[in-house]
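Student: Before anything else, here's the structure in question.
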Amino acid sequence: MNVLLALTFSGIALGAVYFLAASGLSLIYGLMDILNFAHGLFMTLGAYAAWDVASHLPVSWGAPLLFSTALVASILGGALAAGLTEVLIIRPLYGRPIGQILVTIGLDLAVVGLLLGGFGSNSLSVPVPLWLIEATHVGGLSLPNSDFVALVAGVVVLVSLELFLRKTRYGITIRAGVENRDMVSALGINVGRAFTLVFVIGGAMAGLAGLLYAVVFSGDLISPTQGDSLLIFAFIVVVIGGLGSIRGSAVAALIVGLVQDYTNFYLGSHPGMAEIGNLSVVLLLALVLEWRPRGLFGSTL
Amino acid sequence: MTNALEVADLHVTIAGSHVLQGVSIQVPVGGVTALLGRNGVGKTTTLRALLGLVPSTGAISVLDTDVRGWSTHRIVRLGVGYVPEDRDVFAGLTVAENLRLAERVDEPRYDDVYAIFPELRERTRQRAGTLSGGQQQMVSIARALLNGWPLLLVDEPSKGLAPRLVSELADVLERVATLATVLLVEQNLAVVRRLAQRVVVLDHGEVVHTGDAHELDDPDLAKRFLGVTGVR
């Protein structure tokens, strides 16, 4: 029973990171019809921004402050990368969705190549405070503190994103644009600004996801290709949840995280079954699409 | 300004099909000009081209401004309200959110809008997707009226409405026409006769007739260009 509870908890934490990675992707697709293959790059760049800042600041700041700064750096790094991508690379290709998709793939390959050249393929270690590696004991369970951080980050982002989309003028514009972009501009609204905003928001969440994934699941190590592997799961989450739906992404991220965690634990230790967690996620995707081709939450926010 | 809208030699090609082949239209300030024609002759495309929603060539002057090559939101901000075919309300947004998105002036005219559509005031928190067709049409027209703009493009407002609602709609459009110049695409000739002063008839992507609305009384004209007979 305890094992199941602990697994559920870590599955939810994994789901929280998937949600951060997927929700921006979902918004971008919903509003702009772009499958943004550079989203994994935003995750990677967020993580590298965090590493870069944390490793250049004086150690005397202390680990907690260094890590907080790194968190902020990951968010800003991802947001900046995404904003520049939209303005410099996506914008000249408005109205040409295929070109936009191709250019995001090219950008990802090119910058990942640059990172490999600049930092090497070895993983880099992000400095984290000791308590983040420790665990909290709750009623006989030992729950990693980093999982709590991922969980809190996921919930905070979900709540703020929902508030933003429901209460602010920009948020309402984005929801309307996901439904019918032409009509938004026919009301006199510059949809291009909403595009940039959605990229910046999505990039910020992706950057945070990139750092948290490293901290929670890969022993504080970051590498140039980590974003691309995370991106595959983010795409699966977006499709299961329903393209353009934030709530769909949240629910689907939890389901994917849990399924992956359970199958990995219960089946993954058998010979030849090391990849069973990943396989189960793909099977889940196939099942959901068979049952609901538009995903769990259709195409509205 | 004598014409609210001037279009000269407008061409539009969509997916290899030459939809508009040199359309020229003048819409004088005030009253209702009706744009008529059979299904598929390019009426909706004409409105969309005026708003920059589809690429076009030719001259378009909106409210005395040459808008060739402008993006849609800039054209709209000159003072153009648009009521699209099929209403295009944002289904997932509430009525209030639909209207809020349309606010483009410092003092949106909610009083005017609610005077025309008192029902909307009671439904501000309802999702537009759950409204009836007639109520969605109210939201769509309300969005276009909210800024008190001088020119309205209204595309087949009676489409899909029950006959009783169509006559209510005509009442509303009659009031609207006292506030703004209206270019109206409409298939219901009874509505056109009641509202329009001028008609422009399109056929196969070209203007084939421009004239006074009461010329529609000529059954021959109606039959030749609109494919309707016995309208009275």
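Residue names in the structure tokens use chain letters A, B, ... in the order shown, residue numbers from 1 in each chain, and ligand numbers from 1 in the order shown.
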Residues of chain A no more than 7 Å from chain B, counting only C-alpha atoms: send them over as a ChimeraX atom specification.
Tutor: /A:173,176,179,182-183,185-190,300
Student: Name the residues in contact with B:Ala34 at a cut-off of 8 Å, using only C-alpha atoms, excluding same-chain residues fewer than 6 positions from it; report them as a PyMOL selection string.
Tutor: chain B and resi 183-186+192+196-200
Student: I'd like the interatomic distance between atom CA of A:Gly106 and atom CA of A:Phe195, to a tenth of an Å.
Tutor: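 Spanning atom CA of A:Gly106 to atom CA of A:Phe195 is a straight-line distance of 20.1 Å.
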Student: Do you know which residues are at most 12 Å from A:Leu116 counting only C-alpha atoms, after dropping those on the same chain fewer than 5 positions away, and could you put them as number ranges by chain?
Tutor: A: 44, 48, 109-111, 121-124, 222-226
Student: Set the distance at 12 Å and use only C-alpha atoms: which residues neighbour B:Val32 once local chain neighbours fewer than 3 positions away are removed? I'd like the list as a PDB file with N, CA and C atoms, in the first residue's frame.
Tutor:
```pdb
ATOM      1  N   ALA B   4     -19.061  55.691 -48.102  1.00  0.00           N
ATOM      2  CA  ALA B   4     -18.448  55.076 -46.930  1.00  0.00           C
ATOM      3  C   ALA B   4     -17.447  54.017 -47.368  1.00  0.00           C
ATOM      4  N   GLN B  26     -19.793  50.929 -54.934  1.00  0.00           N
ATOM      5  CA  GLN B  26     -19.762  52.136 -54.102  1.00  0.00           C
ATOM      6  C   GLN B  26     -20.895  52.064 -53.094  1.00  0.00           C
ATOM      7  N   VAL B  27     -20.566  52.290 -51.858  1.00  0.00           N
ATOM      8  CA  VAL B  27     -21.602  52.316 -50.823  1.00  0.00           C
ATOM      9  C   VAL B  27     -21.686  53.731 -50.282  1.00  0.00           C
ATOM     10  N   PRO B  28     -22.751  54.481 -50.636  1.00  0.00           N
ATOM     11  CA  PRO B  28     -22.864  55.850 -50.161  1.00  0.00           C
ATOM     12  C   PRO B  28     -23.115  55.904 -48.654  1.00  0.00           C
ATOM     13  N   VAL B  29     -22.768  57.025 -48.058  1.00  0.00           N
ATOM     14  CA  VAL B  29     -22.963  57.184 -46.619  1.00  0.00           C
ATOM     15  C   VAL B  29     -24.454  57.195 -46.297  1.00  0.00           C
ATOM     16  N   LEU B  35     -26.186  43.678 -50.932  1.00  0.00           N
ATOM     17  CA  LEU B  35     -25.362  42.952 -51.892  1.00  0.00           C
ATOM     18  C   LEU B  35     -26.049  41.608 -52.118  1.00  0.00           C
ATOM     19  N   LEU B 151     -19.600  52.342 -40.087  1.00  0.00           N
ATOM     20  CA  LEU B 151     -19.852  51.418 -41.199  1.00  0.00           C
ATOM     21  C   LEU B 151     -20.009  49.993 -40.675  1.00  0.00           C
ATOM     22  N   LEU B 152     -21.072  49.329 -41.116  1.00  0.00           N
ATOM     23  CA  LEU B 152     -21.285  47.948 -40.696  1.00  0.00           C
ATOM     24  C   LEU B 152     -21.369  47.039 -41.910  1.00  0.00           C
ATOM     25  N   LEU B 153     -20.673  45.910 -41.855  1.00  0.00           N
ATOM     26  CA  LEU B 153     -20.782  44.882 -42.887  1.00  0.00           C
ATOM     27  C   LEU B 153     -21.542  43.718 -42.266  1.00  0.00           C
ATOM     28  N   VAL B 154     -22.714  43.426 -42.809  1.00  0.00           N
ATOM     29  CA  VAL B 154     -23.580  42.419 -42.188  1.00  0.00           C
ATOM     30  C   VAL B 154     -23.852  41.317 -43.202  1.00  0.00           C
ATOM     31  N   ALA B 170     -35.314  42.198 -38.776  1.00  0.00           N
ATOM     32  CA  ALA B 170     -35.470  43.325 -39.690  1.00  0.00           C
ATOM     33  C   ALA B 170     -35.758  44.599 -38.912  1.00  0.00           C
ATOM     34  N   LEU B 173     -32.417  45.703 -37.564  1.00  0.00           N
ATOM     35  CA  LEU B 173     -31.538  46.267 -38.595  1.00  0.00           C
ATOM     36  C   LEU B 173     -32.033  47.645 -39.035  1.00  0.00           C
ATOM     37  N   GLU B 174     -33.344  47.828 -38.981  1.00  0.00           N
ATOM     38  CA  GLU B 174     -33.892  49.137 -39.339  1.00  0.00           C
ATOM     39  C   GLU B 174     -33.390  50.210 -38.362  1.00  0.00           C
ATOM     40  N   ARG B 175     -33.351  49.832 -37.075  1.00  0.00           N
ATOM     41  CA  ARG B 175     -32.816  50.771 -36.075  1.00  0.00           C
ATOM     42  C   ARG B 175     -31.327  50.974 -36.279  1.00  0.00           C
ATOM     43  N   VAL B 176     -30.636  49.859 -36.562  1.00  0.00           N
ATOM     44  CA  VAL B 176     -29.186  49.929 -36.756  1.00  0.00           C
ATOM     45  C   VAL B 176     -28.850  50.867 -37.911  1.00  0.00           C
ATOM     46  N   ALA B 177     -29.662  50.810 -38.961  1.00  0.00           N
ATOM     47  CA  ALA B 177     -29.385  51.617 -40.149  1.00  0.00           C
ATOM     48  C   ALA B 177     -29.524  53.112 -39.883  1.00  0.00           C
ATOM     49  N   THR B 178     -30.190  53.475 -38.780  1.00  0.00           N
ATOM     50  CA  THR B 178     -30.238  54.900 -38.438  1.00  0.00           C
ATOM     51  C   THR B 178     -28.950  55.331 -37.747  1.00  0.00           C
ATOM     52  N   LEU B 179     -28.153  54.366 -37.291  1.00  0.00           N
ATOM     53  CA  LEU B 179     -26.921  54.683 -36.556  1.00  0.00           C
ATOM     54  C   LEU B 179     -25.685  54.622 -37.448  1.00  0.00           C
ATOM     55  N   ALA B 180     -25.745  53.816 -38.523  1.00  0.00           N
ATOM     56  CA  ALA B 180     -24.543  53.583 -39.317  1.00  0.00           C
ATOM     57  C   ALA B 180     -24.911  53.261 -40.764  1.00  0.00           C
ATOM     58  N   THR B 181     -23.920  53.395 -41.631  1.00  0.00           N
ATOM     59  CA  THR B 181     -24.076  52.923 -43.006  1.00  0.00           C
ATOM     60  C   THR B 181     -23.943  51.405 -43.002  1.00  0.00           C
ATOM     61  N   VAL B 182     -24.855  50.723 -43.714  1.00  0.00           N
ATOM     62  CA  VAL B 182     -24.836  49.259 -43.671  1.00  0.00           C
ATOM     63  C   VAL B 182     -24.662  48.698 -45.079  1.00  0.00           C
ATOM     64  N   LEU B 183     -23.685  47.784 -45.205  1.00  0.00           N
ATOM     65  CA  LEU B 183     -23.610  46.960 -46.415  1.00  0.00           C
ATOM     66  C   LEU B 183     -24.116  45.587 -46.008  1.00  0.00           C
ATOM     67  N   LEU B 184     -25.257  45.194 -46.598  1.00  0.00           N
ATOM     68  CA  LEU B 184     -25.972  44.002 -46.138  1.00  0.00           C
ATOM     69  C   LEU B 184     -25.975  42.931 -47.213  1.00  0.00           C
ATOM     70  N   VAL B 185     -25.428  41.754 -46.869  1.00  0.00           N
ATOM     71  CA  VAL B 185     -25.597  40.599 -47.741  1.00  0.00           C
ATOM     72  C   VAL B 185     -26.818  39.856 -47.231  1.00  0.00           C
ATOM     73  N   GLU B 186     -27.784  39.606 -48.122  1.00  0.00           N
ATOM     74  CA  GLU B 186     -29.008  38.983 -47.623  1.00  0.00           C
ATOM     75  C   GLU B 186     -29.703  38.236 -48.754  1.00  0.00           C
ATOM     76  N   VAL B 191     -36.731  40.963 -46.579  1.00  0.00           N
ATOM     77  CA  VAL B 191     -35.910  41.799 -45.700  1.00  0.00           C
ATOM     78  C   VAL B 191     -35.218  42.891 -46.510  1.00  0.00           C
ATOM     79  N   VAL B 192     -34.693  42.520 -47.676  1.00  0.00           N
ATOM     80  CA  VAL B 192     -33.988  43.486 -48.509  1.00  0.00           C
ATOM     81  C   VAL B 192     -34.928  44.618 -48.932  1.00  0.00           C
ATOM     82  N   ARG B 193     -36.135  44.246 -49.383  1.00  0.00           N
ATOM     83  CA  ARG B 193     -37.090  45.278 -49.810  1.00  0.00           C
ATOM     84  C   ARG B 193     -37.417  46.235 -48.685  1.00  0.00           C
ATOM     85  N   ARG B 194     -37.505  45.684 -47.498  1.00  0.00           N
ATOM     86  CA  ARG B 194     -37.906  46.534 -46.390  1.00  0.00           C
ATOM     87  C   ARG B 194     -36.791  47.500 -45.990  1.00  0.00           C
ATOM     88  N   LEU B 195     -35.533  47.024 -46.059  1.00  0.00           N
ATOM     89  CA  LEU B 195     -34.444  47.814 -45.480  1.00  0.00           C
ATOM     90  C   LEU B 195     -33.639  48.609 -46.499  1.00  0.00           C
ATOM     91  N   ALA B 196     -33.399  48.013 -47.670  1.00  0.00           N
ATOM     92  CA  ALA B 196     -32.365  48.570 -48.536  1.00  0.00           C
ATOM     93  C   ALA B 196     -32.877  49.715 -49.405  1.00  0.00           C
ATOM     94  N   GLN B 197     -32.004  50.694 -49.604  1.00  0.00           N
ATOM     95  CA  GLN B 197     -32.287  51.743 -50.574  1.00  0.00           C
ATOM     96  C   GLN B 197     -31.649  51.395 -51.920  1.00  0.00           C
ATOM     97  N   ARG B 198     -30.501  50.729 -51.850  1.00  0.00           N
ATOM     98  CA  ARG B 198     -29.768  50.412 -53.068  1.00  0.00           C
ATOM     99  C   ARG B 198     -29.414  48.930 -53.094  1.00  0.00           C
ATOM    100  N   VAL B 199     -29.336  48.387 -54.294  1.00  0.00           N
ATOM    101  CA  VAL B 199     -28.912  46.991 -54.404  1.00  0.00           C
ATOM    102  C   VAL B 199     -27.756  46.867 -55.391  1.00  0.00           C
ATOM    103  N   VAL B 200     -26.874  45.937 -55.085  1.00  0.00           N
ATOM    104  CA  VAL B 200     -25.787  45.560 -55.994  1.00  0.00           C
ATOM    105  C   VAL B 200     -25.932  44.056 -56.182  1.00  0.00           C
ATOM    106  N   ASP B 212     -31.454  50.988 -57.811  1.00  0.00           N
ATOM    107  CA  ASP B 212     -32.326  51.351 -56.726  1.00  0.00           C
ATOM    108  C   ASP B 212     -33.050  50.110 -56.214  1.00  0.00           C
ATOM    109  N   ALA B 213     -33.335  50.076 -54.928  1.00  0.00           N
ATOM    110  CA  ALA B 213     -33.906  48.852 -54.359  1.00  0.00           C
ATOM    111  C   ALA B 213     -35.266  48.515 -54.944  1.00  0.00           C
TER     112      ALA B 213
END
```
Student: May I have the residues within 10 Å of A:Ile201 as an MDAnalysis selection string, using only C-alpha atoms and disregarding those fewer than 5 positions away in the same chain?
Tutor: chainID A and resid 23:24 27:28 75:76 78:80 82:83 161 196 206:207
Student: Could you find all residues in chain B that DSSP calls strand (DSSP E) from the backbone, and write them as an MDAnalysis selection string?
Tutor: chainID B and resid 3:14 17:28 32:36 57:62 65:66 80:83 151:155 181:185 198:203 206:212
Student: Could you give me, as JSON, numbers by chain, each residue of stretch 68-169 of chain A that DSSP assigns to alpha helix (DSSP H) when run on this structure's backbone?
Tutor: {"A": [68, 69, 70, 71, 72, 73, 74, 75, 76, 77, 78, 79, 80, 81, 82, 83, 84, 97, 98, 99, 100, 101, 102, 103, 104, 105, 106, 107, 108, 109, 110, 111, 112, 113, 114, 115, 116, 117, 118, 119, 130, 131, 132, 133, 145, 146, 147, 148, 149, 150, 151, 152, 153, 154, 155, 156, 157, 158, 159, 160, 161, 162, 163, 164, 165, 166, 167, 169]}
Student: Take the residues that were just selected and, keeping C-alpha atoms, output them as a PDB file, in the first residue's frame.
Tutor:
```pdb
ATOM      1  CA  SER A  68      15.843  30.232  -6.393  1.00  0.00           C
ATOM      2  CA  THR A  69      17.804  32.430  -8.767  1.00  0.00           C
ATOM      3  CA  ALA A  70      18.311  29.448 -11.057  1.00  0.00           C
ATOM      4  CA  LEU A  71      14.552  28.812 -11.045  1.00  0.00           C
ATOM      5  CA  VAL A  72      13.897  32.388 -12.105  1.00  0.00           C
ATOM      6  CA  ALA A  73      16.648  32.116 -14.733  1.00  0.00           C
ATOM      7  CA  SER A  74      15.043  28.996 -16.220  1.00  0.00           C
ATOM      8  CA  ILE A  75      11.702  30.790 -16.556  1.00  0.00           C
ATOM      9  CA  LEU A  76      13.259  33.930 -18.060  1.00  0.00           C
ATOM     10  CA  GLY A  77      15.578  31.917 -20.315  1.00  0.00           C
ATOM     11  CA  GLY A  78      12.719  29.878 -21.726  1.00  0.00           C
ATOM     12  CA  ALA A  79      10.525  32.956 -22.163  1.00  0.00           C
ATOM     13  CA  LEU A  80      13.278  34.916 -23.898  1.00  0.00           C
ATOM     14  CA  ALA A  81      14.158  32.060 -26.232  1.00  0.00           C
ATOM     15  CA  ALA A  82      10.504  31.578 -27.153  1.00  0.00           C
ATOM     16  CA  GLY A  83       9.807  35.294 -27.603  1.00  0.00           C
ATOM     17  CA  LEU A  84      12.802  35.709 -29.911  1.00  0.00           C
ATOM     18  CA  PRO A  97       2.015  26.730 -41.121  1.00  0.00           C
ATOM     19  CA  ILE A  98       4.072  24.049 -42.846  1.00  0.00           C
ATOM     20  CA  GLY A  99       7.010  26.419 -43.126  1.00  0.00           C
ATOM     21  CA  GLN A 100       6.599  27.338 -39.476  1.00  0.00           C
ATOM     22  CA  ILE A 101       6.673  23.712 -38.406  1.00  0.00           C
ATOM     23  CA  LEU A 102       9.764  23.006 -40.508  1.00  0.00           C
ATOM     24  CA  VAL A 103      11.597  26.042 -39.208  1.00  0.00           C
ATOM     25  CA  THR A 104      10.985  25.005 -35.602  1.00  0.00           C
ATOM     26  CA  ILE A 105      12.483  21.596 -36.342  1.00  0.00           C
ATOM     27  CA  GLY A 106      15.499  23.226 -37.988  1.00  0.00           C
ATOM     28  CA  LEU A 107      15.977  25.644 -35.126  1.00  0.00           C
ATOM     29  CA  ASP A 108      15.884  22.825 -32.610  1.00  0.00           C
ATOM     30  CA  LEU A 109      18.471  20.772 -34.514  1.00  0.00           C
ATOM     31  CA  ALA A 110      20.736  23.777 -35.015  1.00  0.00           C
ATOM     32  CA  VAL A 111      20.727  25.085 -31.457  1.00  0.00           C
ATOM     33  CA  VAL A 112      21.008  21.641 -29.890  1.00  0.00           C
ATOM     34  CA  GLY A 113      24.034  21.177 -32.174  1.00  0.00           C
ATOM     35  CA  LEU A 114      25.473  24.475 -30.943  1.00  0.00           C
ATOM     36  CA  LEU A 115      24.953  23.429 -27.328  1.00  0.00           C
ATOM     37  CA  LEU A 116      26.671  20.102 -27.989  1.00  0.00           C
ATOM     38  CA  GLY A 117      29.556  21.994 -29.553  1.00  0.00           C
ATOM     39  CA  GLY A 118      29.762  24.573 -26.787  1.00  0.00           C
ATOM     40  CA  PHE A 119      29.121  22.499 -23.675  1.00  0.00           C
ATOM     41  CA  LEU A 130      20.723  19.762   0.146  1.00  0.00           C
ATOM     42  CA  TRP A 131      17.088  19.616   1.283  1.00  0.00           C
ATOM     43  CA  LEU A 132      16.012  19.217  -2.316  1.00  0.00           C
ATOM     44  CA  ILE A 133      17.811  15.878  -2.473  1.00  0.00           C
ATOM     45  CA  ASN A 145      11.340  16.945  -1.562  1.00  0.00           C
ATOM     46  CA  SER A 146      12.019  17.638  -5.214  1.00  0.00           C
ATOM     47  CA  ASP A 147       8.683  15.991  -6.022  1.00  0.00           C
ATOM     48  CA  PHE A 148       6.980  18.516  -3.752  1.00  0.00           C
ATOM     49  CA  VAL A 149       8.682  21.350  -5.624  1.00  0.00           C
ATOM     50  CA  ALA A 150       7.475  19.996  -8.976  1.00  0.00           C
ATOM     51  CA  LEU A 151       3.971  19.540  -7.601  1.00  0.00           C
ATOM     52  CA  VAL A 152       3.769  23.048  -6.157  1.00  0.00           C
ATOM     53  CA  ALA A 153       5.159  24.535  -9.377  1.00  0.00           C
ATOM     54  CA  GLY A 154       2.588  22.627 -11.448  1.00  0.00           C
ATOM     55  CA  VAL A 155      -0.328  23.720  -9.291  1.00  0.00           C
ATOM     56  CA  VAL A 156       0.812  27.354  -9.112  1.00  0.00           C
ATOM     57  CA  VAL A 157       1.249  27.505 -12.892  1.00  0.00           C
ATOM     58  CA  LEU A 158      -2.095  25.798 -13.562  1.00  0.00           C
ATOM     59  CA  VAL A 159      -3.989  28.168 -11.261  1.00  0.00           C
ATOM     60  CA  SER A 160      -2.242  31.306 -12.567  1.00  0.00           C
ATOM     61  CA  LEU A 161      -2.723  30.240 -16.166  1.00  0.00           C
ATOM     62  CA  GLU A 162      -6.436  29.595 -15.626  1.00  0.00           C
ATOM     63  CA  LEU A 163      -6.846  32.960 -13.880  1.00  0.00           C
ATOM     64  CA  PHE A 164      -4.947  34.684 -16.660  1.00  0.00           C
ATOM     65  CA  LEU A 165      -7.029  33.027 -19.379  1.00  0.00           C
ATOM     66  CA  ARG A 166     -10.372  33.672 -17.636  1.00  0.00           C
ATOM     67  CA  LYS A 167      -9.929  37.101 -16.082  1.00  0.00           C
ATOM     68  CA  ARG A 169      -8.280  40.809 -21.503  1.00  0.00           C
TER      69      ARG A 169
END
```
Student: So how far away is atom CA of A:Phe297 from atom CA of A:Leu243, in Å?
Tutor: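 Between these atoms lies a distance of 8.2 Å.
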Student: For stretch 64-68 of chain B, find every residue with an atom within 8 Å (counting only C-alpha atoms), except residues of its own chain fewer than 2 positions away, and show them as a count of residues only.
Tutor: 11
Student: Could you check which of B:Gln136, B:Thr2, B:Thr210, B:Gln187 is closest to B:Leu36, using only C-alpha atoms?
Tutor: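 Using only C-alpha atoms, the shortest distance to B:Leu36 belongs to B:Gln187.
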Student: Give me, please, the distance in Å between atom CA of B:Asp171 and atom CA of B:Pro157, quoted to one decimal.
Tutor: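 Spanning atom CA of B:Asp171 to atom CA of B:Pro157 is a straight-line distance of 12.2 Å.
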Student: Do a neighbour search on stretch 105-121 of chain B at 8 Å with only C-alpha atoms, toss out local chain neighbours closer than 3 positions, and write the hits as a VMD selection string.
Tutor: chain B and resid 95 124 135 138 to 139 142 145 to 148 172
Student: Between B:Leu169, B:Leu63, B:Ala15, B:Val23, single out the one closest to B:Val41, counting only C-alpha atoms.
Tutor: B:Val23
